[in-house]
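Text of the file data37.pdb, holding PDB, C-alpha atoms:
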ATOM      1  CA  MET A   1      96.216  61.078  81.686
ATOM      2  CA  ASP A   2      95.247  63.069  78.587
ATOM      3  CA  LEU A   3      98.103  65.390  77.614
ATOM      4  CA  GLU A   4      96.206  67.171  74.855
ATOM      5  CA  LEU A   5      97.917  70.487  75.660
ATOM      6  CA  LYS A   6     101.441  69.056  75.568
ATOM      7  CA  GLY A   7     103.768  71.587  73.953
ATOM      8  CA  ARG A   8     101.322  74.477  74.337
ATOM      9  CA  VAL A   9     102.685  77.589  76.066
ATOM     10  CA  CYS A  10     100.122  79.128  78.397
ATOM     11  CA  LEU A  11      99.900  82.451  80.255
ATOM     12  CA  ILE A  12      97.437  82.758  83.155
ATOM     13  CA  THR A  13      97.045  86.081  84.940
ATOM     14  CA  GLY A  14      96.323  86.076  88.659
ATOM     15  CA  GLY A  15      97.379  82.450  89.028
ATOM     16  CA  SER A  16      98.580  82.452  92.620
ATOM     17  CA  ARG A  17      95.303  81.535  94.333
ATOM     18  CA  GLY A  18      91.654  80.594  93.955
ATOM     19  CA  ILE A  19      90.344  80.153  90.452
ATOM     20  CA  GLY A  20      93.662  81.118  88.840
ATOM     21  CA  ARG A  21      95.528  78.474  90.809
ATOM     22  CA  ALA A  22      92.961  75.828  89.853
ATOM     23  CA  ILE A  23      93.250  76.787  86.171
ATOM     24  CA  ALA A  24      97.038  76.578  86.326
ATOM     25  CA  HIS A  25      96.858  73.097  87.851
ATOM     26  CA  GLN A  26      94.271  71.874  85.335
ATOM     27  CA  LEU A  27      96.122  73.103  82.251
ATOM     28  CA  ALA A  28      99.411  71.744  83.594
ATOM     29  CA  SER A  29      97.768  68.359  84.208
ATOM     30  CA  GLU A  30      96.929  68.306  80.498
ATOM     31  CA  GLY A  31     100.543  69.006  79.535
ATOM     32  CA  ALA A  32     100.628  72.798  79.083
ATOM     33  CA  ASP A  33     103.812  74.746  79.836
ATOM     34  CA  VAL A  34     102.341  77.174  82.375
ATOM     35  CA  THR A  35     103.383  80.720  83.208
ATOM     36  CA  LEU A  36     101.268  82.339  85.911
ATOM     37  CA  THR A  37     101.352  85.966  86.939
ATOM     38  CA  TYR A  38     101.060  87.781  90.240
ATOM     39  CA  SER A  39     100.901  91.428  91.238
ATOM     40  CA  SER A  40     102.268  91.340  94.782
ATOM     41  CA  ASN A  41     102.132  87.878  96.393
ATOM     42  CA  ARG A  42     105.281  86.349  94.945
ATOM     43  CA  ASP A  43     105.495  83.633  97.623
ATOM     44  CA  ALA A  44     102.019  82.307  96.832
ATOM     45  CA  ALA A  45     102.737  82.285  93.088
ATOM     46  CA  GLU A  46     106.024  80.435  93.511
ATOM     47  CA  ARG A  47     104.283  77.936  95.790
ATOM     48  CA  VAL A  48     101.847  77.136  92.966
ATOM     49  CA  VAL A  49     104.778  76.729  90.581
ATOM     50  CA  ARG A  50     106.400  74.225  92.947
ATOM     51  CA  GLU A  51     103.124  72.319  93.251
ATOM     52  CA  ILE A  52     102.854  72.061  89.475
ATOM     53  CA  VAL A  53     106.457  71.037  88.853
ATOM     54  CA  GLU A  54     106.328  68.398  91.574
ATOM     55  CA  THR A  55     102.980  66.992  90.410
ATOM     56  CA  TYR A  56     102.955  67.076  86.605
ATOM     57  CA  ASP A  57     105.377  66.316  83.801
ATOM     58  CA  THR A  58     105.604  69.888  82.542
ATOM     59  CA  GLN A  59     107.271  73.243  83.132
ATOM     60  CA  ALA A  60     105.975  76.197  85.138
ATOM     61  CA  GLN A  61     107.121  79.639  86.188
ATOM     62  CA  ALA A  62     105.759  82.780  87.840
ATOM     63  CA  ILE A  63     106.260  86.364  86.703
ATOM     64  CA  GLY A  64     105.227  89.552  88.446
ATOM     65  CA  PHE A  65     103.781  92.632  86.782
ATOM     66  CA  ASP A  66     100.824  95.006  87.068
ATOM     67  CA  VAL A  67      98.102  94.245  84.520
ATOM     68  CA  LYS A  68      96.972  97.874  84.810
ATOM     69  CA  ASP A  69     100.167  98.859  82.945
ATOM     70  CA  PRO A  70      99.824  98.223  79.165
ATOM     71  CA  SER A  71     103.581  98.408  78.592
ATOM     72  CA  ALA A  72     104.181  95.807  81.316
ATOM     73  CA  CYS A  73     101.604  93.529  79.687
ATOM     74  CA  LYS A  74     103.315  93.777  76.299
ATOM     75  CA  SER A  75     106.753  93.294  77.809
ATOM     76  CA  ALA A  76     105.626  90.174  79.682
ATOM     77  CA  VAL A  77     104.194  88.598  76.532
ATOM     78  CA  ASP A  78     107.226  89.542  74.417
ATOM     79  CA  THR A  79     109.616  88.073  76.979
ATOM     80  CA  LEU A  80     107.587  84.888  77.295
ATOM     81  CA  VAL A  81     107.483  84.425  73.519
ATOM     82  CA  LYS A  82     111.240  84.991  73.291
ATOM     83  CA  ASP A  83     111.976  82.504  76.094
ATOM     84  CA  LYS A  84     109.434  79.831  75.116
ATOM     85  CA  GLY A  85     109.299  80.234  71.350
ATOM     86  CA  GLY A  86     105.637  81.205  71.251
ATOM     87  CA  LEU A  87     102.381  81.689  73.137
ATOM     88  CA  HIS A  88      99.369  79.488  72.438
ATOM     89  CA  ILE A  89      96.958  80.016  75.339
ATOM     90  CA  LEU A  90      96.047  83.206  77.211
ATOM     91  CA  VAL A  91      93.735  83.097  80.229
ATOM     92  CA  ASN A  92      92.806  86.538  81.563
ATOM     93  CA  ASN A  93      91.836  85.653  85.111
ATOM     94  CA  ALA A  94      93.238  88.569  87.162
ATOM     95  CA  GLY A  95      90.543  90.922  88.368
ATOM     96  CA  VAL A  96      89.373  93.107  91.179
ATOM     97  CA  ALA A  97      85.951  93.810  92.682
ATOM     98  CA  ILE A  98      85.265  97.214  94.234
ATOM     99  CA  ASP A  99      81.684  97.443  95.459
ATOM    100  CA  ASN A 100      79.597 100.496  96.285
ATOM    101  CA  LEU A 101      76.362 102.150  95.302
ATOM    102  CA  ILE A 102      76.898 104.148  92.107
ATOM    103  CA  MET A 103      76.193 107.535  93.723
ATOM    104  CA  ARG A 104      78.998 106.842  96.227
ATOM    105  CA  PHE A 105      81.497 105.352  93.789
ATOM    106  CA  LYS A 106      84.847 107.177  93.625
ATOM    107  CA  ASP A 107      86.461 108.094  90.314
ATOM    108  CA  THR A 108      89.767 106.647  91.517
ATOM    109  CA  ASP A 109      88.103 103.289  92.230
ATOM    110  CA  LEU A 110      86.398 103.374  88.836
ATOM    111  CA  GLU A 111      89.759 103.858  87.136
ATOM    112  CA  THR A 112      91.331 101.036  89.148
ATOM    113  CA  ILE A 113      88.620  98.510  88.381
ATOM    114  CA  PHE A 114      88.516  99.307  84.649
ATOM    115  CA  ARG A 115      92.291  99.315  84.272
ATOM    116  CA  THR A 116      92.507  95.944  86.004
ATOM    117  CA  ASN A 117      89.478  94.161  84.579
ATOM    118  CA  VAL A 118      89.321  95.635  81.058
ATOM    119  CA  PHE A 119      92.481  97.529  80.087
ATOM    120  CA  GLY A 120      94.706  94.664  81.277
ATOM    121  CA  PRO A 121      92.963  91.924  79.271
ATOM    122  CA  PHE A 122      92.792  94.249  76.243
ATOM    123  CA  ALA A 123      96.551  94.911  76.371
ATOM    124  CA  LEU A 124      97.393  91.238  76.864
ATOM    125  CA  VAL A 125      95.146  90.093  74.014
ATOM    126  CA  ARG A 126      96.623  92.775  71.767
ATOM    127  CA  ALA A 127     100.128  91.436  72.459
ATOM    128  CA  ALA A 128      99.202  87.724  72.428
ATOM    129  CA  VAL A 129      97.437  87.618  69.062
ATOM    130  CA  ARG A 130     100.702  88.371  67.258
ATOM    131  CA  PRO A 131     102.484  85.101  68.165
ATOM    132  CA  MET A 132      99.191  83.213  67.942
ATOM    133  CA  THR A 133      98.643  84.532  64.423
ATOM    134  CA  LYS A 134     102.170  83.470  63.485
ATOM    135  CA  ALA A 135     101.475  79.964  64.812
ATOM    136  CA  ARG A 136      97.967  79.967  63.293
ATOM    137  CA  TRP A 137      96.647  78.497  66.538
ATOM    138  CA  GLY A 138      95.463  80.200  69.691
ATOM    139  CA  ARG A 139      93.051  79.986  72.593
ATOM    140  CA  ILE A 140      91.996  83.071  74.539
ATOM    141  CA  VAL A 141      89.725  82.699  77.561
ATOM    142  CA  ASN A 142      88.567  85.734  79.520
ATOM    143  CA  LEU A 143      87.074  85.291  82.986
ATOM    144  CA  GLY A 144      83.764  87.126  83.187
ATOM    145  CA  SER A 145      81.128  86.869  85.882
ATOM    146  CA  VAL A 146      77.473  86.090  86.404
ATOM    147  CA  VAL A 147      77.243  89.705  87.591
ATOM    148  CA  GLY A 148      78.239  90.877  84.121
ATOM    149  CA  GLU A 149      75.268  88.934  82.759
ATOM    150  CA  MET A 150      72.569  89.758  85.320
ATOM    151  CA  GLY A 151      73.812  92.867  87.186
ATOM    152  CA  ASN A 152      73.807  93.272  90.956
ATOM    153  CA  THR A 153      73.073  95.993  93.476
ATOM    154  CA  GLY A 154      76.255  97.742  94.573
ATOM    155  CA  GLN A 155      78.319  96.240  91.757
ATOM    156  CA  SER A 156      77.609  98.565  88.835
ATOM    157  CA  ALA A 157      81.289  99.119  88.065
ATOM    158  CA  TYR A 158      82.254  95.461  88.426
ATOM    159  CA  ALA A 159      79.304  94.376  86.296
ATOM    160  CA  ALA A 160      80.244  96.919  83.629
ATOM    161  CA  THR A 161      83.819  95.615  83.419
ATOM    162  CA  LYS A 162      82.707  91.998  83.110
ATOM    163  CA  ALA A 163      80.102  92.863  80.491
ATOM    164  CA  ALA A 164      82.858  94.690  78.596
ATOM    165  CA  LEU A 165      84.829  91.439  78.434
ATOM    166  CA  ASP A 166      81.870  89.794  76.694
ATOM    167  CA  GLY A 167      81.939  92.394  73.927
ATOM    168  CA  LEU A 168      85.728  92.338  73.686
ATOM    169  CA  SER A 169      85.782  88.561  73.369
ATOM    170  CA  LYS A 170      83.133  88.430  70.641
ATOM    171  CA  SER A 171      84.977  91.083  68.643
ATOM    172  CA  ILE A 172      88.314  89.268  68.977
ATOM    173  CA  ALA A 173      86.589  86.038  67.911
ATOM    174  CA  LYS A 174      85.468  87.736  64.690
ATOM    175  CA  GLU A 175      88.809  89.424  64.021
ATOM    176  CA  PHE A 176      90.967  86.322  64.429
ATOM    177  CA  GLY A 177      88.771  83.330  63.657
ATOM    178  CA  SER A 178      90.373  82.986  60.211
ATOM    179  CA  ARG A 179      93.740  82.514  61.962
ATOM    180  CA  ASN A 180      92.441  79.538  63.956
ATOM    181  CA  ILE A 181      92.331  81.620  67.139
ATOM    182  CA  THR A 182      89.280  81.274  69.370
ATOM    183  CA  CYS A 183      88.218  83.702  72.067
ATOM    184  CA  ASN A 184      85.606  82.864  74.688
ATOM    185  CA  VAL A 185      84.402  83.899  78.129
ATOM    186  CA  VAL A 186      83.875  81.712  81.183
ATOM    187  CA  ALA A 187      81.439  83.476  83.521
ATOM    188  CA  PRO A 188      81.563  82.018  87.058
ATOM    189  CA  GLY A 189      78.660  82.245  89.439
ATOM    190  CA  PHE A 190      78.891  81.964  93.235
ATOM    191  CA  ILE A 191      82.260  80.234  93.712
ATOM    192  CA  SER A 192      83.929  79.232  96.982
ATOM    193  CA  THR A 193      87.112  81.354  97.028
ATOM    194  CA  ASP A 194      88.884  83.852  99.275
ATOM    195  CA  MET A 195      86.714  86.592  97.745
ATOM    196  CA  THR A 196      83.521  84.936  99.014
ATOM    197  CA  ALA A 197      84.897  83.696 102.345
ATOM    198  CA  ASP A 198      83.871  86.806 104.268
ATOM    199  CA  ILE A 199      80.226  86.752 103.191
ATOM    200  CA  SER A 200      77.855  86.374 106.146
ATOM    201  CA  GLU A 201      76.113  83.043 106.648
ATOM    202  CA  GLU A 202      72.760  84.744 106.119
ATOM    203  CA  MET A 203      73.839  86.173 102.755
ATOM    204  CA  ARG A 204      75.499  82.894 101.777
ATOM    205  CA  ALA A 205      72.307  80.950 102.476
ATOM    206  CA  LYS A 206      70.266  83.469 100.496
ATOM    207  CA  MET A 207      72.574  83.185  97.476
ATOM    208  CA  VAL A 208      72.731  79.393  97.572
ATOM    209  CA  ASP A 209      68.944  79.311  97.741
ATOM    210  CA  ALA A 210      68.880  81.116  94.368
ATOM    211  CA  ILE A 211      71.005  78.402  92.738
ATOM    212  CA  PRO A 212      68.983  75.532  91.207
ATOM    213  CA  LEU A 213      71.828  73.062  91.799
ATOM    214  CA  GLY A 214      71.715  74.046  95.466
ATOM    215  CA  ASP A 215      75.367  74.747  96.227
ATOM    216  CA  MET A 216      78.330  77.015  95.571
ATOM    217  CA  GLY A 217      80.722  76.139  92.793
ATOM    218  CA  THR A 218      84.395  75.317  93.238
ATOM    219  CA  PRO A 219      87.483  76.757  91.518
ATOM    220  CA  GLU A 220      87.893  73.366  89.858
ATOM    221  CA  ASP A 221      84.466  73.737  88.214
ATOM    222  CA  ILE A 222      85.740  76.886  86.511
ATOM    223  CA  ALA A 223      89.118  75.353  85.679
ATOM    224  CA  ASN A 224      87.450  72.423  83.912
ATOM    225  CA  ALA A 225      85.429  74.809  81.733
ATOM    226  CA  VAL A 226      88.531  76.835  80.859
ATOM    227  CA  ALA A 227      90.500  73.701  80.001
ATOM    228  CA  PHE A 228      87.722  72.513  77.710
ATOM    229  CA  LEU A 229      87.706  75.798  75.796
ATOM    230  CA  CYS A 230      91.503  75.589  75.444
ATOM    231  CA  SER A 231      91.334  72.096  73.985
ATOM    232  CA  ASN A 232      90.796  70.834  70.454
ATOM    233  CA  ARG A 233      87.439  69.528  71.630
ATOM    234  CA  ALA A 234      86.279  73.158  71.561
ATOM    235  CA  LYS A 235      87.862  74.078  68.217
ATOM    236  CA  TYR A 236      84.472  75.103  66.767
ATOM    237  CA  ILE A 237      83.439  77.267  69.728
ATOM    238  CA  THR A 238      84.310  80.956  69.653
ATOM    239  CA  GLY A 239      82.686  84.201  70.748
ATOM    240  CA  HIS A 240      80.761  82.281  73.388
ATOM    241  CA  VAL A 241      79.990  83.163  77.017
ATOM    242  CA  LEU A 242      79.949  79.945  79.017
ATOM    243  CA  ASN A 243      77.970  80.388  82.225
ATOM    244  CA  VAL A 244      79.272  78.155  85.023
ATOM    245  CA  ASN A 245      76.862  79.146  87.776
ATOM    246  CA  GLY A 246      74.734  76.173  88.774
ATOM    247  CA  GLY A 247      71.707  77.726  87.078
ATOM    248  CA  MET A 248      71.921  80.967  89.072
ATOM    249  CA  TYR A 249      71.432  82.881  85.822
ATOM    250  CA  MET A 250      70.128  81.366  82.572
TER     251      MET A 250
END

Would you mind writing the structure in this file as structure tokens?
Amino acid sequence: MDLELKGRVCLITGGSRGIGRAIAHQLASEGADVTLTYSSNRDAAERVVREIVETYDTQAQAIGFDVKDPSACKSAVDTLVKDKGGLHILVNNAGVAIDNLIMRFKDTDLETIFRTNVFGPFALVRAAVRPMTKARWGRIVNLGSVVGEMGNTGQSAYAATKAALDGLSKSIAKEFGSRNITCNVVAPGFISTDMTADISEEMRAKMVDAIPLGDMGTPEDIANAVAFLCSNRAKYITGHVLNVNGGMYM
């Protein structure tokens, strides 16, 4: 097994289920020392940690904090750096989708979705680039969405937050490229997760019909893309939005 990420300290937000869990497993399988975060479901996060420790020759832990709180984000990174001696990989996966037509969208929901999907990644990147700069090596991957690329009815706020990550990532790529720090976006399409489990069969069939590859993606499809961007194989890729959507949007 390729242990290209051996010795790399990695922080993955929202790592207790779905895509985050798959990313944690994939990076651990390549030797990364994985720390995954959770907001409320401690049991699920610790279950993923046990899976990783029992399966791979690496270390793993789970920490709980609210990504909407900038001070909590900084504290989590500072503590991790103190305990592990550095931070090399940051994957901003945690996110929330609140859907409604724009004329019905509540200000409180708008604040929640932006604080989770944009303010959180911003605060974590701001804290993480310090130890990465010191090490002169870093990989930052932000999880976007096909909706941020193409838009979608009833998802104006969600689309806006994911599009914001594209701009954030390209700016970070320019600011820190000279320090050997890359920053990219992986934009999933229609992926089989808990978030898509409640979609009606009629809607599911309609969405799959719009995908040239003819099927939904899996969390592992996204995890493989993230792992690639974290590896030395992607050392000359930065400021890029990698669409992993089966051709749903080109």

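Across A:Asn245, A:Thr153, A:Thr112, A:Ser145, the tightest approach to Leu213 in chain A is made by A:Asn245 when counting all atoms listed in the file.
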
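Taking only C-alpha atoms into account, Lys134 in chain A lies nearest to A:Val81 out of the set A:Val81, A:Asp166, A:Ala225, A:Val48.
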
task: Pick out the closest residue to Thr116 in chain A from this set: A:Ala187, A:Ser39, A:Arg130, A:Lys74. Count only C-alpha atoms.
output: A:Ser39

- request: Determine, counting only C-alpha atoms, which protein, DNA and RNA residues have an atom within 12 Å of an atom of Met103 in chain A; residues of the same chain fewer than 2 positions away are not included. Present the result as a count of residues only.
  value: 11

- request: Can you pull out every residue within 6 Å of Ser169 in chain A, counting all atoms listed in the file, but drop anything in the same chain fewer than 5 positions away, and send it as a VMD selection string?
  value: chain A and resid 183 to 184 239
